[in-house]
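J.: Supplied in structure tokens, the structure appears directly below.
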Amino acid sequence: MEGSERENGGTLSSVDSTESRWVFQDEEEEEEIGIDEDDDENEDAEGLLSPGNGMMDSDDDDNAEQRLIRTGPRIDSFDVEALEVPGAHRNDFEDINVGKRIMLAFQTLGIVFGDVGTSPLYTFSVMFSKAPANGNEDVLGALSLVLYTLILIPLVKYVLIVLWANDDGEGGTFALYSLICRHAKVSLLPNQLPSDARISSFRLKVPSAELERSLRIKERLETSLTLKKLLLMLVLAGTSMVIADGVVTPAMSVMSAVGGLKVGVSGIKQDEVVMISVAFLVILFSVQRYGTSKVGIVVGPALFIWFCSLGCIGIYNLVKYDTRVLRAFNPIHIYYFFKRNSTKAWYSLGGCLLCVTGSEAMFADLCYFSVRSVQLTFVFVVLPCLLLGYLGQAAYLMENHEDTTQAFFSSVPSGAFWPVFLISNIAALIASRTMTTATFSCIKQSTALGCFPRLKIIHTSRKFMGQIYIPVMNWFLLAFSLVLVCTISSIYEIGNAYGIAELGVMMMTTILVTLVMLLIWQINIIIVLSFAVIFLGMELAFFSSVLWCVGDGSWIILLFAVVLFLIMYIWNYGSKLKYETEVKKKMSMDLLRELGPNLGTVRAPGIGLLYNELAKGIPAIFGHFLTTLPAVHSMIIFVCIKYVPVPVVPQSERFLFRRVCPRSYHIFRCVARYGYKDVRKENHQTFEQLLIESLEKFIRREAQERSLESDGDDDSDSEEELSFSRVLIAPNGSVYSLGVPLLTEFRDASKSSVEASTSEQVKPESASSSTVSDAEQSLEKELSFIHRAKESGVVYLLGHGDIRARKDSWFIKKLVINYFYAFLRKNCRRGIANLSVPHSHLIQVGMTYMV
């Protein structure tokens with residue numbers, strides 16, 4: 001028995017490692033050690049089937065006089081690969097110099113802060129359309145409300161708190177969900193492996209024993225399916241609101257900027273403003289494909305000029321009109337504002353919220369920049385200029401209560417109107433990109449985590465992998481923005497729709513960050529409750545205001561968000577059902593090892609990479625191949641492309657291998673792990689090379705472990721043929737008996753003849769060759785076999801599994817699976833598109849599962 005020795009009448013000791021191990025023990029040596037009957041935890045005992053372990057699966061052997069017992073820790077072959085960590089993944093922004101930091105700050109202005117920077121164009125106009133300014137006290141009250149909203153939400157909540165809840169530099173609702181999934185098993189897709197936690201970028205912080213609250217929350221989340229579904233629904237709702245925000249942001253920003261023509265040109269009409277806005281939107285989305293870095297460098301200086309203009313105009317109006325508006329920093333004026341206006345003041349909350357539009361973009365766009373660059377730029381440039389801009393507008397309105405319709409452009413000095421109008425339109429176009437880039441980021445994250453149909457993603461930067469462009473979503477957002485502008489031409493109604501989208505995202509972020517505080521940060525409960533009560537209370541108050549006006553036309557954005565939510569939920573539901581069905585239908589190990597000769601299948605030279613979604617177990621699609629094709633390759637590797645809840649998986653930790661069946665069968669499993677931020681740019685030759693190199697490393701490590709664990713018993717590659725009576729049913733209904741092993745060792749005829757002819761020459765040198773151990777010869781033989789198989793060619797075997805609802809299923813399930821999910825699956829990007837493999841190297845076989 002390998003890896004253990006019998007001492008003191010049957011007691012067992014094992015090699016020092018980190019995982020428990022199962023071995024066979026005779027009945028008379030039986031100890032009171034539990035037997036693991038969980039097929040998922042054992043992962044079909046595949047790690048124990050290699051000849052190096054000297055074991056075989058005997059779950060179905062009724063006559064066996066041995067039983068499985070746990071001997072103690074043993075390193076799983078998957079986990080060995082995961083433990084080889086040369087170093088944690090370096091952040092993109094760790095080693096940039098001062099010049100690049102300045103360039104990054106300019107890009108930050110252009111990409112992240114464009115939305116919040118253009119909010120002075122419309123905030124006061126929308127607020128005073130709900131609660132008209134009847135005196136200076138109303139102006140002071142509205143200004144005080146804006147100032148404290150700016151300080152509390154963008155500065156305190158996002159810059160000082162939420163930005164630190166990033167997932168290794170990645171922001172957004174799905175990044176928070178990924179962070180939570182790493183610390184608690186809340187993902188509904190059952191493809192997690194223990195080795196995932198050993199990825200260097202995982203950086204898992206296990207809840208400490210002192211903080212029992214964290215442990216209780218973790219246990220509660222992991223054991224409650226209802227909480228798991230609720231958490232996923234919150235994330236999907238937040239993501240749908242982000243995408244809806246990407247539709248309404250361009251419409252609002254461009255319409256408000258172009259509306260300044262009504263101040264400069266007296267004869268212009270609203271229809272003309274709409275047509276100009278449509279032209280600007282088409283131009284905006286057309287240049288989106290040029291990437292964040294290129295556009296950010298160009299528009300960064302333009303936004304810097306815009307923020308400087310805001311500050312200068314604000315100072316000018318403060319000096320010229322009324323410096324008494326500085327009293328608005330006293331929050332008592334908010335109380336007076338609500339006392340004087342009551343219900344109207346409550347209505348105006350929806351307009352006040354517009355001053356913080358784009359706050360969520362600071363977090364969602366975090367993948368493009370560093371946390372520090374976003375924080376410094378906001379504190380030292382964006383916030384001071386915004387405060388001065390609002391103070392200046394309020395100072396002007398103190399003496400011009402009737403000019404609230406176009407508060408910003410009316411407050412601009414006449415000599416500077418046209419330059420400011422020009423730069424404001426440029427800033428509005430730039431601001432429209434802010435939520436568009438955030439939308440792209442969220443969609444990529446949700447796609448990698450199985451919650452959005454696959455789309456074509458273009459990476460626009462070689463240096464920063466998070467900078468992406470999604471063509472389909474770009475034109476999708478353009479189409480709906482044009483519909484919104486043309487159907488709701490009033491800036492006030494668009495502003496209300498804007499508030500609904502923004503608040504939906506903000507509330508989901510508040511809930512998820514609260515959970516992060518409890519589960520991961522493990523900070524004082526009073527701080528957590530204060531954060532949740534203050535910010536969720538504020539956002540609920542704002543949300544109640546915008547929902548009251550939803551009948552004005554802003555219901556369109558709610559409907560749009562609901563449709564997106566349903567699309568994501570149906571995709572996740574269908575993907576989960578498909579994966580669970582494939583797990584149930586997977587082949588047993590004995591069935592695979594004993595496929596009979598009636599199939600007529602032979603082992604042909606070459607390597608077959610069978611792609612499937614199973615992280616463990618033999619996919620049923622392989623049995624489909626065997627009963628359909630006349631041959632299988634001399635080496636078979638089951639390849640699972642798996643996304644793990646981390647932003648990046650270092651290349652050295654990409655592949656995990658495990659042997660399937662005895663060594664002579666040459667069948668392996670490979671799990672290729674990617675983070676949701678990873679770029680899969682390698683062509684198929686590069687992928688093959690990396691995979692083969694990792695396989696050779698695994699085989700060498702396995703041989704080394706086998707030599708350390710060897711107790712002197714002969715290492716036999718051949719196993720006794722089992723006399724089980726089994727059958728395999730082919731797709732056409734034919735039944736094949738499975739009594740004699742078919743997938744035996746692949747023998748190279750040419751090599752065998754050469755060895756036979758040279759056997760006489762090897763004899764005289766037997767004395768010198770005897771110094772080479774059998775283990776080394778076996779290792780070199782297998783590595784040589786891999787090289788010959790690689791030279792014979794690599795073929796990609798792609799299995800397409802579809803699902804259909806059973807006839808006895810509920811009508812809603814049939815509708816969702818057979819029509820909605822089938823439609824999404826048919827029209828999404830196929831997995832083959834990411835492989836870049838010539839069609840001559842592809843073999844595709846489909847299967848349909850009834851669920």
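Ligands are numbered from 1 in the order shown, chains are lettered A, B, ... in the order of the structure tokens, and residues start at 1 in each chain.
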Residues near range 170-187 of chain A, anyone? I mean within 7 Å using only C-alpha atoms, not counting same-chain ones fewer than 3 positions away, as JSON, numbers by chain.
T.: {"A": [166, 167, 204, 218, 221, 222, 228, 235, 238, 239, 363, 364, 365, 366, 367, 442, 445, 446, 509, 512, 516, 645, 646, 647]}
J.: Run DSSP on the backbone and grab whatever in range 552-666 of chain A lands in strand (DSSP E); send it over as a PyMOL selection string.
T.: chain A and resi 602-612+631-644+655-660
J.: Contacts of range 798-803 of chain A at 7 Å or less, counting only C-alpha atoms, minus same-chain residues fewer than 5 places along, as number ranges by chain?
T.: A: 578, 610-612, 621, 843-851
J.: Write out as a ChimeraX atom specification each polymer residue whose atoms come within 10 Å of Asn496 in chain A, counting only C-alpha atoms; drop sequence neighbours fewer than 3 positions from it.
T.: /A:126,350-351,353-354,491-493,499-502,545-550,552-555,557
J.: May I have a table of the residues of range 438-457 of chain A lying at most 12 Å from range 423-433 of chain A, giving each one's closest pair of atoms and their distance in Å to one decimal, counting only C-alpha atoms, ordered by chain and ascending residue number, as a Markdown table?
T.:
| residue | atom | partner | partner_atom | distance |
| --- | --- | --- | --- | --- |
| A:Ala438 | CA | A:Arg433 | CA | 8.5 |
| A:Thr439 | CA | A:Arg433 | CA | 9.7 |
| A:Phe440 | CA | A:Arg433 | CA | 10.5 |
J.: Output N, CA and C atoms for every residue in the selection just made, as a PDB file, in the first residue's frame.
T.:
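Output file part.pdb is given in full below:
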ATOM      1  N   ALA A 438     -18.285  51.858 -18.186  1.00  0.00           N
ATOM      2  CA  ALA A 438     -18.671  51.097 -16.991  1.00  0.00           C
ATOM      3  C   ALA A 438     -19.588  49.934 -17.376  1.00  0.00           C
ATOM      4  N   THR A 439     -20.461  50.161 -18.343  1.00  0.00           N
ATOM      5  CA  THR A 439     -21.349  49.099 -18.814  1.00  0.00           C
ATOM      6  C   THR A 439     -20.558  47.961 -19.435  1.00  0.00           C
ATOM      7  N   PHE A 440     -19.567  48.308 -20.262  1.00  0.00           N
ATOM      8  CA  PHE A 440     -18.725  47.277 -20.869  1.00  0.00           C
ATOM      9  C   PHE A 440     -18.045  46.433 -19.796  1.00  0.00           C
TER      10      PHE A 440
END
J.: Name the residues in contact with range 148-156 of chain A at a cut-off of 9 Å, using only C-alpha atoms, excluding same-chain residues fewer than 2 positions from it; report them as a list in words.
T.: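 Once the adjacent positions are removed, what remains is Leu143, Ser144, Leu145, Val146, Tyr158, Val159, Leu160, Ile161, Val162, Phe329, Pro331, Cys352, Leu353, Cys355, Val356, Gly358, Ser359, Glu360, Met362, Gln375, Phe378, Val379, Leu383, Leu386, Leu387 and Phe535 of chain A.
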J.: Counting only C-alpha atoms, which residues of range 286-396 of chain A fall within 6 Å of range 131-138 of chain A, and what is the closest atom pair for each with its distance in Å at one decimal, ordered by chain and rising number, as CSV?
T.:
residue,atom,partner,partner_atom,distance
A:Phe337,CA,A:Asp138,CA,5.7
A:Lys344,CA,A:Ala131,CA,5.0
A:Ala345,CA,A:Ala131,CA,5.8
A:Ser348,CA,A:Ala131,CA,5.9
J.: Using only C-alpha atoms, determine which residues lie at most 12 Å from Ala416 in chain A, disregarding the query and same-chain residues fewer than 6 positions distant; provide the list as JSON, numbers by chain.
T.: {"A": [264, 309, 310, 312, 313, 316, 409, 410, 422, 423, 424]}
J.: Atoms to include: all heavy atoms. Write the selected residues as a short mmCIF file (atom, residue, chain, number, x, y, z; two decimals), in the first residue's frame.
T.:
data_model
loop_
_atom_site.label_atom_id
_atom_site.label_comp_id
_atom_site.auth_asym_id
_atom_site.auth_seq_id
_atom_site.Cartn_x
_atom_site.Cartn_y
_atom_site.Cartn_z
N GLY A 264 -28.33 81.12 -25.91
CA GLY A 264 -27.51 81.88 -26.84
C GLY A 264 -28.23 82.30 -28.09
O GLY A 264 -27.94 83.36 -28.67
N SER A 309 -13.05 75.83 -15.83
CA SER A 309 -14.08 76.81 -16.19
C SER A 309 -15.18 76.86 -15.14
O SER A 309 -15.66 77.95 -14.77
CB SER A 309 -14.70 76.44 -17.55
OG SER A 309 -13.71 76.42 -18.56
N LEU A 310 -15.59 75.67 -14.64
CA LEU A 310 -16.60 75.64 -13.58
C LEU A 310 -16.13 76.43 -12.36
O LEU A 310 -16.88 77.24 -11.79
CB LEU A 310 -16.88 74.19 -13.16
CG LEU A 310 -17.84 73.35 -13.99
CD1 LEU A 310 -17.96 71.95 -13.40
CD2 LEU A 310 -19.21 74.01 -14.07
N CYS A 312 -13.78 78.79 -12.18
CA CYS A 312 -13.61 80.22 -12.46
C CYS A 312 -14.95 80.94 -12.55
O CYS A 312 -15.11 82.05 -12.01
CB CYS A 312 -12.82 80.40 -13.76
SG CYS A 312 -11.10 79.85 -13.65
N ILE A 313 -15.94 80.31 -13.22
CA ILE A 313 -17.27 80.92 -13.32
C ILE A 313 -17.90 81.03 -11.94
O ILE A 313 -18.56 82.03 -11.60
CB ILE A 313 -18.16 80.11 -14.27
CG1 ILE A 313 -17.62 80.19 -15.70
CG2 ILE A 313 -19.60 80.60 -14.22
CD1 ILE A 313 -18.32 79.27 -16.67
N TYR A 316 -16.29 83.91 -10.10
CA TYR A 316 -16.77 85.17 -10.69
C TYR A 316 -18.16 85.52 -10.18
O TYR A 316 -18.43 86.67 -9.78
CB TYR A 316 -16.78 85.03 -12.22
CG TYR A 316 -17.45 86.18 -12.93
CD1 TYR A 316 -16.75 87.37 -13.19
CD2 TYR A 316 -18.78 86.10 -13.34
CE1 TYR A 316 -17.37 88.43 -13.84
CE2 TYR A 316 -19.41 87.14 -13.99
CZ TYR A 316 -18.70 88.31 -14.24
OH TYR A 316 -19.31 89.36 -14.87
N PHE A 409 -26.28 78.03 -17.92
CA PHE A 409 -25.92 78.91 -19.04
C PHE A 409 -26.33 80.36 -18.78
O PHE A 409 -25.68 81.29 -19.27
CB PHE A 409 -26.54 78.40 -20.34
CG PHE A 409 -25.88 77.17 -20.87
CD1 PHE A 409 -26.51 75.94 -20.78
CD2 PHE A 409 -24.61 77.21 -21.43
CE1 PHE A 409 -25.90 74.78 -21.25
CE2 PHE A 409 -23.98 76.07 -21.91
CZ PHE A 409 -24.63 74.85 -21.83
N SER A 410 -27.39 80.57 -18.00
CA SER A 410 -27.79 81.94 -17.66
C SER A 410 -26.77 82.60 -16.75
O SER A 410 -26.60 83.83 -16.78
CB SER A 410 -29.16 81.95 -17.00
OG SER A 410 -30.16 81.43 -17.87
N LEU A 422 -19.16 75.69 -26.02
CA LEU A 422 -18.40 74.72 -26.79
C LEU A 422 -17.76 73.66 -25.87
O LEU A 422 -17.88 72.45 -26.11
CB LEU A 422 -17.33 75.43 -27.61
CG LEU A 422 -16.39 74.53 -28.42
CD1 LEU A 422 -17.18 73.75 -29.47
CD2 LEU A 422 -15.29 75.36 -29.09
N ILE A 423 -17.11 74.13 -24.82
CA ILE A 423 -16.42 73.18 -23.93
C ILE A 423 -17.43 72.34 -23.15
O ILE A 423 -17.16 71.17 -22.82
CB ILE A 423 -15.46 73.93 -22.98
CG1 ILE A 423 -14.49 72.94 -22.31
CG2 ILE A 423 -16.23 74.70 -21.93
CD1 ILE A 423 -13.55 72.28 -23.25
N SER A 424 -18.62 72.89 -22.88
CA SER A 424 -19.64 72.11 -22.16
C SER A 424 -20.17 70.98 -23.04
O SER A 424 -20.45 69.88 -22.53
CB SER A 424 -20.79 73.02 -21.72
OG SER A 424 -21.51 73.50 -22.84
#
J.: So which residues touch Arg603 in chain A within 7 Å, counting only C-alpha atoms, skipping near sequence neighbours fewer than 5 positions away, as a PyMOL selection string?
T.: chain A and resi 631-634+746
J.: Using N, CA and C atoms, can you write the selected residues to a file as a short mmCIF file (atom, residue, chain, number, x, y, z; two decimals), in the first residue's frame?
T.:
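Result went into selection.cif, see below:
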data_model
loop_
_atom_site.label_atom_id
_atom_site.label_comp_id
_atom_site.auth_asym_id
_atom_site.auth_seq_id
_atom_site.Cartn_x
_atom_site.Cartn_y
_atom_site.Cartn_z
N ALA A 631 -12.80 6.05 -34.16
CA ALA A 631 -11.49 6.07 -33.50
C ALA A 631 -11.42 7.20 -32.49
N VAL A 632 -10.57 6.99 -31.50
CA VAL A 632 -10.22 8.07 -30.59
C VAL A 632 -8.71 8.19 -30.60
N HIS A 633 -8.21 9.32 -30.19
CA HIS A 633 -6.78 9.60 -30.29
C HIS A 633 -5.99 8.86 -29.22
N SER A 634 -4.72 8.71 -29.49
CA SER A 634 -3.86 7.99 -28.55
C SER A 634 -3.75 8.69 -27.22
N PHE A 746 -1.95 2.53 -26.00
CA PHE A 746 -1.72 2.77 -27.42
C PHE A 746 -0.31 2.31 -27.78
#
J.: Using DSSP on the backbone coordinates, identify all residues within range 459-561 of chain A classified as helix (DSSP H, G or I); present the result as a count of residues only.
T.: 82
J.: Separation of CA of Leu147 in chain A and CA of Thr514 in chain A, in Å?
T.: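 Answer for the CA of Leu147 in chain A to CA of Thr514 in chain A separation: 24.8 Å.
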